[in-house]
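Peer 1: Sharing data_35.pdb below, PDB, C-alpha atoms, pLDDT in the B column:
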ATOM      1  CA  MET A 139     105.237  72.931  69.650  1.00 38.00           C
ATOM      2  CA  ALA A 140     106.664  72.485  73.164  1.00 39.00           C
ATOM      3  CA  SER A 141     104.849  69.939  75.280  1.00 41.00           C
ATOM      4  CA  THR A 142     103.164  70.853  78.520  1.00 44.00           C
ATOM      5  CA  SER A 143     103.942  68.678  81.535  1.00 44.00           C
ATOM      6  CA  VAL A 144     102.043  68.271  84.757  1.00 45.00           C
ATOM      7  CA  PRO A 145     104.369  68.836  87.735  1.00 49.00           C
ATOM      8  CA  SER A 146     104.536  65.959  90.162  1.00 50.00           C
ATOM      9  CA  ASN A 147     106.634  64.700  93.050  1.00 55.00           C
ATOM     10  CA  PRO A 148     107.636  61.086  93.684  1.00 57.00           C
ATOM     11  CA  PRO A 149     104.847  59.309  95.620  1.00 57.00           C
ATOM     12  CA  SER A 150     107.159  58.420  98.512  1.00 59.00           C
ATOM     13  CA  LYS A 151     108.238  62.035  98.927  1.00 61.00           C
ATOM     14  CA  ARG A 152     104.655  63.259  98.784  1.00 63.00           C
ATOM     15  CA  SER A 153     103.512  60.721 101.367  1.00 68.00           C
ATOM     16  CA  ARG A 154     106.291  61.695 103.786  1.00 70.00           C
ATOM     17  CA  SER A 155     105.494  65.368 103.354  1.00 70.00           C
ATOM     18  CA  ASP A 156     101.770  64.793 103.882  1.00 73.00           C
ATOM     19  CA  ALA A 157     102.520  62.771 107.020  1.00 79.00           C
ATOM     20  CA  VAL A 158     104.575  65.626 108.475  1.00 80.00           C
ATOM     21  CA  TRP A 159     101.851  68.154 107.765  1.00 79.00           C
ATOM     22  CA  THR A 160      99.164  65.858 109.111  1.00 86.00           C
ATOM     23  CA  VAL A 161     101.074  65.759 112.388  1.00 88.00           C
ATOM     24  CA  LEU A 162     101.338  69.564 112.321  1.00 88.00           C
ATOM     25  CA  THR A 163      97.601  69.824 111.729  1.00 90.00           C
ATOM     26  CA  ALA A 164      96.965  67.573 114.727  1.00 93.00           C
ATOM     27  CA  LEU A 165      99.353  69.718 116.793  1.00 93.00           C
ATOM     28  CA  ALA A 166      97.413  72.812 115.728  1.00 93.00           C
ATOM     29  CA  ALA A 167      94.113  71.258 116.835  1.00 94.00           C
ATOM     30  CA  VAL A 168      95.517  70.227 120.221  1.00 96.00           C
ATOM     31  CA  SER A 169      97.202  73.618 120.712  1.00 95.00           C
ATOM     32  CA  VAL A 170      94.003  75.537 119.999  1.00 95.00           C
ATOM     33  CA  ALA A 171      92.087  73.306 122.428  1.00 96.00           C
ATOM     34  CA  VAL A 172      94.687  73.964 125.147  1.00 96.00           C
ATOM     35  CA  ALA A 173      94.573  77.690 124.353  1.00 94.00           C
ATOM     36  CA  LEU A 174      90.798  77.618 124.830  1.00 93.00           C
ATOM     37  CA  TYR A 175      91.225  76.044 128.258  1.00 94.00           C
ATOM     38  CA  LEU A 176      93.962  78.447 129.322  1.00 92.00           C
ATOM     39  CA  SER A 177      92.046  81.504 128.146  1.00 89.00           C
ATOM     40  CA  LEU A 178      88.530  80.615 129.272  1.00 87.00           C
ATOM     41  CA  VAL A 179      89.227  78.642 132.470  1.00 87.00           C
ATOM     42  CA  TRP A 180      92.810  78.740 133.715  1.00 88.00           C
ATOM     43  CA  ALA A 181      93.766  82.421 133.329  1.00 84.00           C
ATOM     44  CA  PRO A 182      92.498  84.749 136.064  1.00 82.00           C
ATOM     45  CA  THR A 183      89.853  87.341 135.342  1.00 78.00           C
ATOM     46  CA  ALA A 184      90.901  90.993 135.265  1.00 72.00           C
ATOM     47  CA  VAL A 185      89.886  92.630 138.547  1.00 65.00           C
ATOM     48  CA  ASN A 186      89.127  96.114 137.254  1.00 64.00           C
ATOM     49  CA  PHE A 187      85.844  95.210 135.509  1.00 61.00           C
ATOM     50  CA  THR A 188      82.620  95.833 137.391  1.00 63.00           C
ATOM     51  CA  THR A 189      80.050  93.639 135.623  1.00 65.00           C
ATOM     52  CA  GLU A 190      80.005  89.922 134.893  1.00 66.00           C
ATOM     53  CA  THR A 191      79.545  90.647 131.182  1.00 67.00           C
ATOM     54  CA  GLU A 192      82.720  92.743 131.129  1.00 66.00           C
ATOM     55  CA  ARG A 193      84.668  90.084 133.002  1.00 68.00           C
ATOM     56  CA  LEU A 194      83.563  87.404 130.554  1.00 72.00           C
ATOM     57  CA  SER A 195      84.173  89.513 127.428  1.00 72.00           C
ATOM     58  CA  GLN A 196      87.677  90.319 128.678  1.00 77.00           C
ATOM     59  CA  ARG A 197      88.609  86.703 127.921  1.00 84.00           C
ATOM     60  CA  ILE A 198      88.057  87.406 124.226  1.00 85.00           C
ATOM     61  CA  PHE A 199      91.293  89.377 124.513  1.00 85.00           C
ATOM     62  CA  TYR A 200      93.479  86.263 124.105  1.00 89.00           C
ATOM     63  CA  PHE A 201      91.945  85.287 120.766  1.00 91.00           C
ATOM     64  CA  HIS A 202      91.555  88.893 119.646  1.00 89.00           C
ATOM     65  CA  VAL A 203      95.280  89.542 119.995  1.00 90.00           C
ATOM     66  CA  ALA A 204      96.332  86.129 118.628  1.00 94.00           C
ATOM     67  CA  SER A 205      94.174  86.399 115.493  1.00 95.00           C
ATOM     68  CA  GLY A 206      95.404  89.953 114.900  1.00 92.00           C
ATOM     69  CA  TRP A 207      99.032  88.834 115.197  1.00 93.00           C
ATOM     70  CA  VAL A 208      98.543  85.944 112.775  1.00 96.00           C
ATOM     71  CA  GLY A 209      96.649  88.137 110.305  1.00 95.00           C
ATOM     72  CA  PHE A 210      99.441  90.693 110.210  1.00 94.00           C
ATOM     73  CA  PHE A 211     102.092  87.974 110.001  1.00 96.00           C
ATOM     74  CA  ALA A 212     100.234  86.404 107.068  1.00 97.00           C
ATOM     75  CA  PHE A 213     100.309  89.724 105.205  1.00 97.00           C
ATOM     76  CA  PHE A 214     104.041  89.958 105.904  1.00 97.00           C
ATOM     77  CA  VAL A 215     104.463  86.505 104.327  1.00 97.00           C
ATOM     78  CA  THR A 216     102.456  87.729 101.323  1.00 97.00           C
ATOM     79  CA  ALA A 217     104.761  90.736 100.903  1.00 97.00           C
ATOM     80  CA  VAL A 218     107.959  88.693 101.253  1.00 97.00           C
ATOM     81  CA  SER A 219     106.686  85.973  98.902  1.00 97.00           C
ATOM     82  CA  GLY A 220     105.723  88.625  96.373  1.00 96.00           C
ATOM     83  CA  ALA A 221     109.206  90.115  96.521  1.00 97.00           C
ATOM     84  CA  VAL A 222     110.802  86.690  96.060  1.00 97.00           C
ATOM     85  CA  TYR A 223     108.496  85.997  93.121  1.00 96.00           C
ATOM     86  CA  LEU A 224     109.564  89.241  91.407  1.00 96.00           C
ATOM     87  CA  ILE A 225     113.186  88.113  91.769  1.00 96.00           C
ATOM     88  CA  THR A 226     112.827  84.447  90.847  1.00 95.00           C
ATOM     89  CA  ARG A 227     109.586  84.366  88.781  1.00 93.00           C
ATOM     90  CA  ARG A 228     108.824  81.003  90.371  1.00 94.00           C
ATOM     91  CA  ARG A 229     105.125  80.153  90.465  1.00 91.00           C
ATOM     92  CA  ARG A 230     105.447  78.593  93.929  1.00 93.00           C
ATOM     93  CA  TRP A 231     106.113  81.939  95.574  1.00 95.00           C
ATOM     94  CA  ASP A 232     103.068  83.482  93.940  1.00 95.00           C
ATOM     95  CA  ALA A 233     100.980  80.595  95.309  1.00 95.00           C
ATOM     96  CA  VAL A 234     102.352  81.240  98.810  1.00 96.00           C
ATOM     97  CA  ALA A 235     101.509  84.943  98.520  1.00 96.00           C
ATOM     98  CA  LEU A 236      97.945  84.222  97.439  1.00 96.00           C
ATOM     99  CA  SER A 237      97.319  81.528 100.059  1.00 96.00           C
ATOM    100  CA  SER A 238      98.750  83.622 102.879  1.00 97.00           C
ATOM    101  CA  ALA A 239      96.702  86.666 101.842  1.00 97.00           C
ATOM    102  CA  GLU A 240      93.484  84.637 102.009  1.00 97.00           C
ATOM    103  CA  LEU A 241      94.380  83.412 105.494  1.00 97.00           C
ATOM    104  CA  GLY A 242      95.408  86.919 106.526  1.00 96.00           C
ATOM    105  CA  VAL A 243      91.994  88.300 105.578  1.00 96.00           C
ATOM    106  CA  THR A 244      90.299  85.499 107.523  1.00 96.00           C
ATOM    107  CA  PHE A 245      92.308  86.007 110.710  1.00 96.00           C
ATOM    108  CA  THR A 246      92.072  89.796 110.547  1.00 95.00           C
ATOM    109  CA  LEU A 247      88.296  89.588 110.178  1.00 95.00           C
ATOM    110  CA  ALA A 248      88.278  87.345 113.269  1.00 94.00           C
ATOM    111  CA  ASN A 249      90.316  90.016 115.039  1.00 91.00           C
ATOM    112  CA  LEU A 250      87.856  92.732 114.002  1.00 91.00           C
ATOM    113  CA  PHE A 251      84.710  90.826 114.961  1.00 91.00           C
ATOM    114  CA  SER A 252      86.090  89.680 118.315  1.00 88.00           C
ATOM    115  CA  GLY A 253      87.128  93.281 118.968  1.00 84.00           C
ATOM    116  CA  MET A 254      83.598  94.450 118.178  1.00 85.00           C
ATOM    117  CA  VAL A 255      82.174  92.070 120.810  1.00 83.00           C
ATOM    118  CA  TRP A 256      84.624  93.410 123.375  1.00 79.00           C
ATOM    119  CA  ALA A 257      83.963  97.021 122.332  1.00 78.00           C
ATOM    120  CA  GLN A 258      80.213  96.634 122.782  1.00 80.00           C
ATOM    121  CA  THR A 259      80.597  95.603 126.412  1.00 79.00           C
ATOM    122  CA  THR A 260      83.441  98.014 127.223  1.00 74.00           C
ATOM    123  CA  TRP A 261      82.676 101.122 125.172  1.00 74.00           C
ATOM    124  CA  GLY A 262      78.951 100.612 124.636  1.00 75.00           C
ATOM    125  CA  LYS A 263      79.193 100.396 120.844  1.00 76.00           C
ATOM    126  CA  PRO A 264      80.711  97.761 118.549  1.00 75.00           C
ATOM    127  CA  TYR A 265      82.415 100.129 116.118  1.00 72.00           C
ATOM    128  CA  PRO A 266      83.517 103.443 117.654  1.00 72.00           C
ATOM    129  CA  ILE A 267      84.280 105.386 114.503  1.00 74.00           C
ATOM    130  CA  GLU A 268      86.550 107.771 116.407  1.00 70.00           C
ATOM    131  CA  ASP A 269      89.092 105.036 117.197  1.00 72.00           C
ATOM    132  CA  PRO A 270      91.974 104.950 114.658  1.00 74.00           C
ATOM    133  CA  ARG A 271      92.929 101.318 115.424  1.00 74.00           C
ATOM    134  CA  ILE A 272      89.523 100.015 114.365  1.00 80.00           C
ATOM    135  CA  ASN A 273      89.498 102.191 111.250  1.00 82.00           C
ATOM    136  CA  THR A 274      93.015 101.252 110.173  1.00 84.00           C
ATOM    137  CA  SER A 275      92.327  97.547 110.817  1.00 86.00           C
ATOM    138  CA  THR A 276      89.279  97.799 108.566  1.00 90.00           C
ATOM    139  CA  ILE A 277      91.407  99.486 105.907  1.00 91.00           C
ATOM    140  CA  VAL A 278      93.928  96.618 106.074  1.00 93.00           C
ATOM    141  CA  VAL A 279      91.157  94.093 105.423  1.00 94.00           C
ATOM    142  CA  LEU A 280      89.833  96.144 102.509  1.00 95.00           C
ATOM    143  CA  VAL A 281      93.333  96.489 101.056  1.00 96.00           C
ATOM    144  CA  TYR A 282      93.783  92.721 100.917  1.00 96.00           C
ATOM    145  CA  ILE A 283      90.251  92.028  99.750  1.00 96.00           C
ATOM    146  CA  ALA A 284      91.135  94.345  96.859  1.00 96.00           C
ATOM    147  CA  TYR A 285      94.329  92.283  96.407  1.00 96.00           C
ATOM    148  CA  LEU A 286      92.231  89.140  95.948  1.00 96.00           C
ATOM    149  CA  MET A 287      89.847  90.957  93.603  1.00 96.00           C
ATOM    150  CA  LEU A 288      92.793  92.179  91.529  1.00 94.00           C
ATOM    151  CA  ARG A 289      93.998  88.628  91.074  1.00 93.00           C
ATOM    152  CA  ASN A 290      90.565  87.479  89.913  1.00 92.00           C
ATOM    153  CA  ALA A 291      90.329  90.350  87.430  1.00 93.00           C
ATOM    154  CA  ILE A 292      93.506  89.470  85.464  1.00 91.00           C
ATOM    155  CA  ALA A 293      93.431  86.437  83.186  1.00 86.00           C
ATOM    156  CA  ASP A 294      97.107  86.213  82.185  1.00 89.00           C
ATOM    157  CA  PRO A 295      98.904  84.222  84.954  1.00 88.00           C
ATOM    158  CA  GLU A 296     102.286  85.929  84.647  1.00 92.00           C
ATOM    159  CA  ARG A 297     100.862  89.448  84.552  1.00 94.00           C
ATOM    160  CA  ARG A 298      98.510  88.599  87.432  1.00 93.00           C
ATOM    161  CA  ALA A 299     101.353  87.305  89.588  1.00 94.00           C
ATOM    162  CA  ARG A 300     103.573  90.299  88.780  1.00 95.00           C
ATOM    163  CA  LEU A 301     100.963  92.964  89.553  1.00 96.00           C
ATOM    164  CA  ALA A 302      99.723  91.114  92.633  1.00 96.00           C
ATOM    165  CA  SER A 303     103.283  90.878  93.969  1.00 96.00           C
ATOM    166  CA  VAL A 304     103.793  94.624  93.664  1.00 97.00           C
ATOM    167  CA  TYR A 305     100.396  95.285  95.236  1.00 96.00           C
ATOM    168  CA  GLY A 306     101.119  92.886  98.114  1.00 96.00           C
ATOM    169  CA  ILE A 307     104.382  94.666  98.896  1.00 97.00           C
ATOM    170  CA  VAL A 308     102.886  98.163  98.785  1.00 96.00           C
ATOM    171  CA  GLY A 309      99.729  97.076 100.613  1.00 95.00           C
ATOM    172  CA  PHE A 310     101.776  95.803 103.544  1.00 95.00           C
ATOM    173  CA  LEU A 311     102.524  99.423 104.465  1.00 93.00           C
ATOM    174  CA  SER A 312      99.039  99.526 105.980  1.00 90.00           C
ATOM    175  CA  VAL A 313     100.027  96.902 108.571  1.00 91.00           C
ATOM    176  CA  PRO A 314     102.686  98.815 110.581  1.00 88.00           C
ATOM    177  CA  ILE A 315     100.492 101.923 110.418  1.00 87.00           C
ATOM    178  CA  THR A 316      97.709  99.922 112.065  1.00 83.00           C
ATOM    179  CA  PHE A 317     100.052  98.510 114.718  1.00 78.00           C
ATOM    180  CA  LEU A 318     101.361 101.975 115.594  1.00 77.00           C
ATOM    181  CA  SER A 319      97.996 103.738 115.387  1.00 70.00           C
ATOM    182  CA  ILE A 320      97.227 103.571 119.132  1.00 66.00           C
ATOM    183  CA  ARG A 321     100.676 105.019 119.839  1.00 66.00           C
ATOM    184  CA  ILE A 322     100.540 107.742 117.180  1.00 68.00           C
ATOM    185  CA  TRP A 323      96.972 108.803 117.985  1.00 66.00           C
ATOM    186  CA  ARG A 324      96.186 108.707 121.718  1.00 64.00           C
ATOM    187  CA  THR A 325      92.698 107.234 121.808  1.00 67.00           C
ATOM    188  CA  ILE A 326      90.391 104.965 123.791  1.00 57.00           C
ATOM    189  CA  HIS A 327      91.964 101.739 122.500  1.00 58.00           C
ATOM    190  CA  PRO A 328      94.331 100.218 125.104  1.00 59.00           C
ATOM    191  CA  ALA A 329      97.811  99.060 124.125  1.00 58.00           C
ATOM    192  CA  VAL A 330      98.756  95.445 124.815  1.00 60.00           C
ATOM    193  CA  ILE A 331     102.480  96.020 124.285  1.00 56.00           C
ATOM    194  CA  GLY A 332     104.045  99.235 125.482  1.00 51.00           C
ATOM    195  CA  THR A 333     102.338 102.314 126.841  1.00 49.00           C
ATOM    196  CA  GLY A 334      98.901 103.253 125.597  1.00 50.00           C
ATOM    197  CA  SER A 335      96.970 106.469 125.839  1.00 48.00           C
ATOM    198  CA  GLU A 336      95.946 108.022 129.150  1.00 48.00           C
ATOM    199  CA  THR A 337      92.414 108.170 127.733  1.00 51.00           C
ATOM    200  CA  ALA A 338      92.368 104.422 126.936  1.00 47.00           C
ATOM    201  CA  GLN A 339      89.351 102.566 128.281  1.00 50.00           C
ATOM    202  CA  GLY A 340      89.176  98.885 129.140  1.00 48.00           C
ATOM    203  CA  GLY A 341      92.865  98.212 129.584  1.00 52.00           C
ATOM    204  CA  PHE A 342      94.180  96.025 132.378  1.00 54.00           C
ATOM    205  CA  ASP A 343      97.486  94.829 133.781  1.00 61.00           C
ATOM    206  CA  LEU A 344      98.520  91.354 132.681  1.00 71.00           C
ATOM    207  CA  ALA A 345      99.110  88.926 135.542  1.00 75.00           C
ATOM    208  CA  PRO A 346     101.803  86.256 134.928  1.00 82.00           C
ATOM    209  CA  ASP A 347      99.168  83.591 134.228  1.00 86.00           C
ATOM    210  CA  MET A 348      97.521  85.939 131.718  1.00 84.00           C
ATOM    211  CA  VAL A 349     100.840  86.371 129.920  1.00 86.00           C
ATOM    212  CA  VAL A 350     101.219  82.588 129.692  1.00 91.00           C
ATOM    213  CA  ALA A 351      97.692  82.221 128.266  1.00 91.00           C
ATOM    214  CA  LEU A 352      98.298  85.033 125.770  1.00 90.00           C
ATOM    215  CA  LEU A 353     101.644  83.715 124.547  1.00 93.00           C
ATOM    216  CA  PHE A 354     100.289  80.195 124.212  1.00 96.00           C
ATOM    217  CA  SER A 355      97.271  81.475 122.274  1.00 95.00           C
ATOM    218  CA  ILE A 356      99.597  83.293 119.880  1.00 95.00           C
ATOM    219  CA  PHE A 357     101.635  80.089 119.503  1.00 96.00           C
ATOM    220  CA  ALA A 358      98.511  77.982 118.869  1.00 96.00           C
ATOM    221  CA  PHE A 359      97.134  80.383 116.270  1.00 96.00           C
ATOM    222  CA  THR A 360     100.519  80.547 114.540  1.00 96.00           C
ATOM    223  CA  VAL A 361     100.696  76.755 114.297  1.00 96.00           C
ATOM    224  CA  MET A 362      97.134  76.715 112.980  1.00 96.00           C
ATOM    225  CA  TYR A 363      98.116  79.300 110.350  1.00 96.00           C
ATOM    226  CA  ALA A 364     101.083  77.149 109.248  1.00 95.00           C
ATOM    227  CA  ALA A 365      98.883  74.054 108.924  1.00 94.00           C
ATOM    228  CA  LEU A 366      96.166  75.915 107.026  1.00 95.00           C
ATOM    229  CA  LEU A 367      98.755  77.485 104.727  1.00 95.00           C
ATOM    230  CA  ARG A 368     100.129  74.044 103.862  1.00 92.00           C
ATOM    231  CA  TRP A 369      96.731  72.599 102.964  1.00 90.00           C
ATOM    232  CA  ARG A 370      95.791  75.742 101.040  1.00 93.00           C
ATOM    233  CA  LEU A 371      99.000  75.358  99.016  1.00 92.00           C
ATOM    234  CA  LYS A 372      98.061  71.757  98.344  1.00 89.00           C
ATOM    235  CA  LEU A 373      94.814  72.996  96.798  1.00 90.00           C
ATOM    236  CA  GLU A 374      96.832  75.405  94.674  1.00 88.00           C
ATOM    237  CA  ASP A 375      99.041  72.507  93.517  1.00 85.00           C
ATOM    238  CA  LEU A 376      95.930  70.586  92.480  1.00 86.00           C
ATOM    239  CA  ARG A 377      94.709  73.625  90.554  1.00 84.00           C
ATOM    240  CA  ASP A 378      98.021  73.817  88.701  1.00 77.00           C
ATOM    241  CA  GLN A 379      97.764  70.121  87.832  1.00 82.00           C
ATOM    242  CA  VAL A 380      94.243  70.626  86.483  1.00 82.00           C
ATOM    243  CA  ASP A 381      95.424  73.608  84.435  1.00 71.00           C
ATOM    244  CA  GLY A 382      98.274  71.479  83.072  1.00 74.00           C
ATOM    245  CA  LEU A 383      95.865  68.714  82.072  1.00 77.00           C
ATOM    246  CA  LYS A 384      93.606  71.257  80.374  1.00 72.00           C
ATOM    247  CA  ALA A 385      96.589  72.598  78.434  1.00 70.00           C
ATOM    248  CA  LEU A 386      97.533  69.076  77.356  1.00 77.00           C
ATOM    249  CA  ALA A 387      93.978  68.376  76.259  1.00 77.00           C
ATOM    250  CA  ALA A 388      93.793  71.639  74.336  1.00 72.00           C
ATOM    251  CA  GLY A 389      97.108  70.889  72.630  1.00 67.00           C
ATOM    252  CA  GLY A 390      95.949  67.427  71.639  1.00 59.00           C
ATOM    253  CA  ASP A 391      92.771  68.795  70.051  1.00 58.00           C
ATOM    254  CA  ARG A 392      94.726  70.978  67.655  1.00 56.00           C
TER
END
Translate the structure of the given file into structure tokens.
Peer 2:
Amino acid sequence: MASTSVPSNPPSKRSRSDAVWTVLTALAAVSVAVALYLSLVWAPTAVNFTTETERLSQRIFYFHVASGWVGFFAFFVTAVSGAVYLITRRRRWDAVALSSAELGVTFTLANLFSGMVWAQTTWGKPYPIEDPRINTSTIVVLVYIAYLMLRNAIADPERRARLASVYGIVGFLSVPITFLSIRIWRTIHPAVIGTGSETAQGGFDLAPDMVVALLFSIFAFTVMYAALLRWRLKLEDLRDQVDGLKALAAGGDR
């Protein structure tokens, strides 16, 4: 019977890697704090809102866009990692796909809920069912929640990774549809990039300082995603080590 080994890296290599990612985590924390200042204090308020509530809720825009960007990017990483896994059959790529999908669901939910706060003050209702962008964003979240449920429903690791990889690739088709929805269907949702609908409500022109705050928020959220992905992968490594120890124990009992 072939022996089962627990994968490990040399302690010195692990310590150097952890030090690098600890620095990245600290950078993420500082970046998010700066993004908060830029978005809530430094950036000017849009002039075309009439009430104080609307002017304050407009500042949600920076985090709404940044969390949406990171969520969609995370799903892209899931699709690419799934494709690489199908080619290489390396467990590491399956772990990246899973970890990134979990983060993608989290950030996309943040995008949805922040959008609902803004929608309540701008459109008078948190979930205007007639808006395709909100509906397609909800569908994206449900698609990847189903991805996570699929993984939990399959016991065999290889079969689970294979089916999840295919699902992650196909499921990513929902992301560009969501991005293009406000350009395909001319609705009340304003477009941040490019030209939106003439019937859009709540849009505003970005002043240069607003652009700086938005781009920095996207940068900060992207760094935070990278740091969270690293520590989530570390948890997955620990799970693999536990599974390896269980296999060794089971083999020794025979």
Peer 1: If the PyMOL selection byres ((chain A and resi 157-165) around 8) is run on the structure shown, which residues does it catch, given as a PyMOL selection string?
Peer 2: chain A and resi 153-156+166-169+361-362+365-366+368
Peer 1: Might you pull out every residue within 10 Å of A:Arg197, with all atoms listed in the file counted and same-chain residues fewer than 6 positions away left off, and present them as a count of residues only?
Peer 2: 11
Peer 1: A:Pro314, A:Gly382, A:Gly306, A:Pro270: which is nearest A:Ala221, counting all atoms listed in the file?
Peer 2: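 So, comparing all the options, the nearest one is A:Gly306.
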Peer 1: Which residues are near A:Ile356? Cut-off 9 Å, all atoms listed in the file, ignore same chain within fewer than 5 positions. Put them as a PyMOL selection string.
Peer 2: chain A and resi 173+200-201+203-205+207-208+351+361
Peer 1: Take the residues from that selection and put them in a file with C-alpha atoms, as an mmCIF file, in the frame of the given file.
Peer 2:
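Generated file (out05.cif):
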data_model
loop_
_atom_site.group_PDB
_atom_site.id
_atom_site.type_symbol
_atom_site.label_atom_id
_atom_site.label_comp_id
_atom_site.auth_asym_id
_atom_site.auth_seq_id
_atom_site.Cartn_x
_atom_site.Cartn_y
_atom_site.Cartn_z
ATOM 1 C CA ALA A 173 94.573 77.690 124.353
ATOM 2 C CA TYR A 200 93.479 86.263 124.105
ATOM 3 C CA PHE A 201 91.945 85.287 120.766
ATOM 4 C CA VAL A 203 95.280 89.542 119.995
ATOM 5 C CA ALA A 204 96.332 86.129 118.628
ATOM 6 C CA SER A 205 94.174 86.399 115.493
ATOM 7 C CA TRP A 207 99.032 88.834 115.197
ATOM 8 C CA VAL A 208 98.543 85.944 112.775
ATOM 9 C CA ALA A 351 97.692 82.221 128.266
ATOM 10 C CA VAL A 361 100.696 76.755 114.297
#
Peer 1: Measuring atom to atom with all atoms listed in the file, identify which of A:Ser237, A:Ser252, A:Thr274, A:Thr316 is nearest to A:Arg289.
Peer 2: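 Counting all atoms listed in the file, the residue closest to A:Arg289 is A:Ser237.
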Peer 1: Report the residues retrieved by the PyMOL selection byres ((chain A and resi 210) around 10) from the displayed file, expressed as a PyMOL selection string.
Peer 2: chain A and resi 205-209+211-216+239+242-243+245-246+275+278+310+312-314+316-317
Peer 1: I'd like the neighbourhood of A:Tyr223 as a PyMOL selection string, where a residue qualifies if any of its atoms comes within 9 Å (using only C-alpha atoms), though same-chain residues fewer than 4 positions away should be ignored.
Peer 2: chain A and resi 218-219+227-232+235+299-300+303
Peer 1: Could you check which of A:Glu374, A:Val350, A:Ile272, A:Ile307 is closest to A:Gly253, using all atoms listed in the file?
Peer 2: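 Of the candidates, the smallest distance to A:Gly253 is held by A:Ile272.
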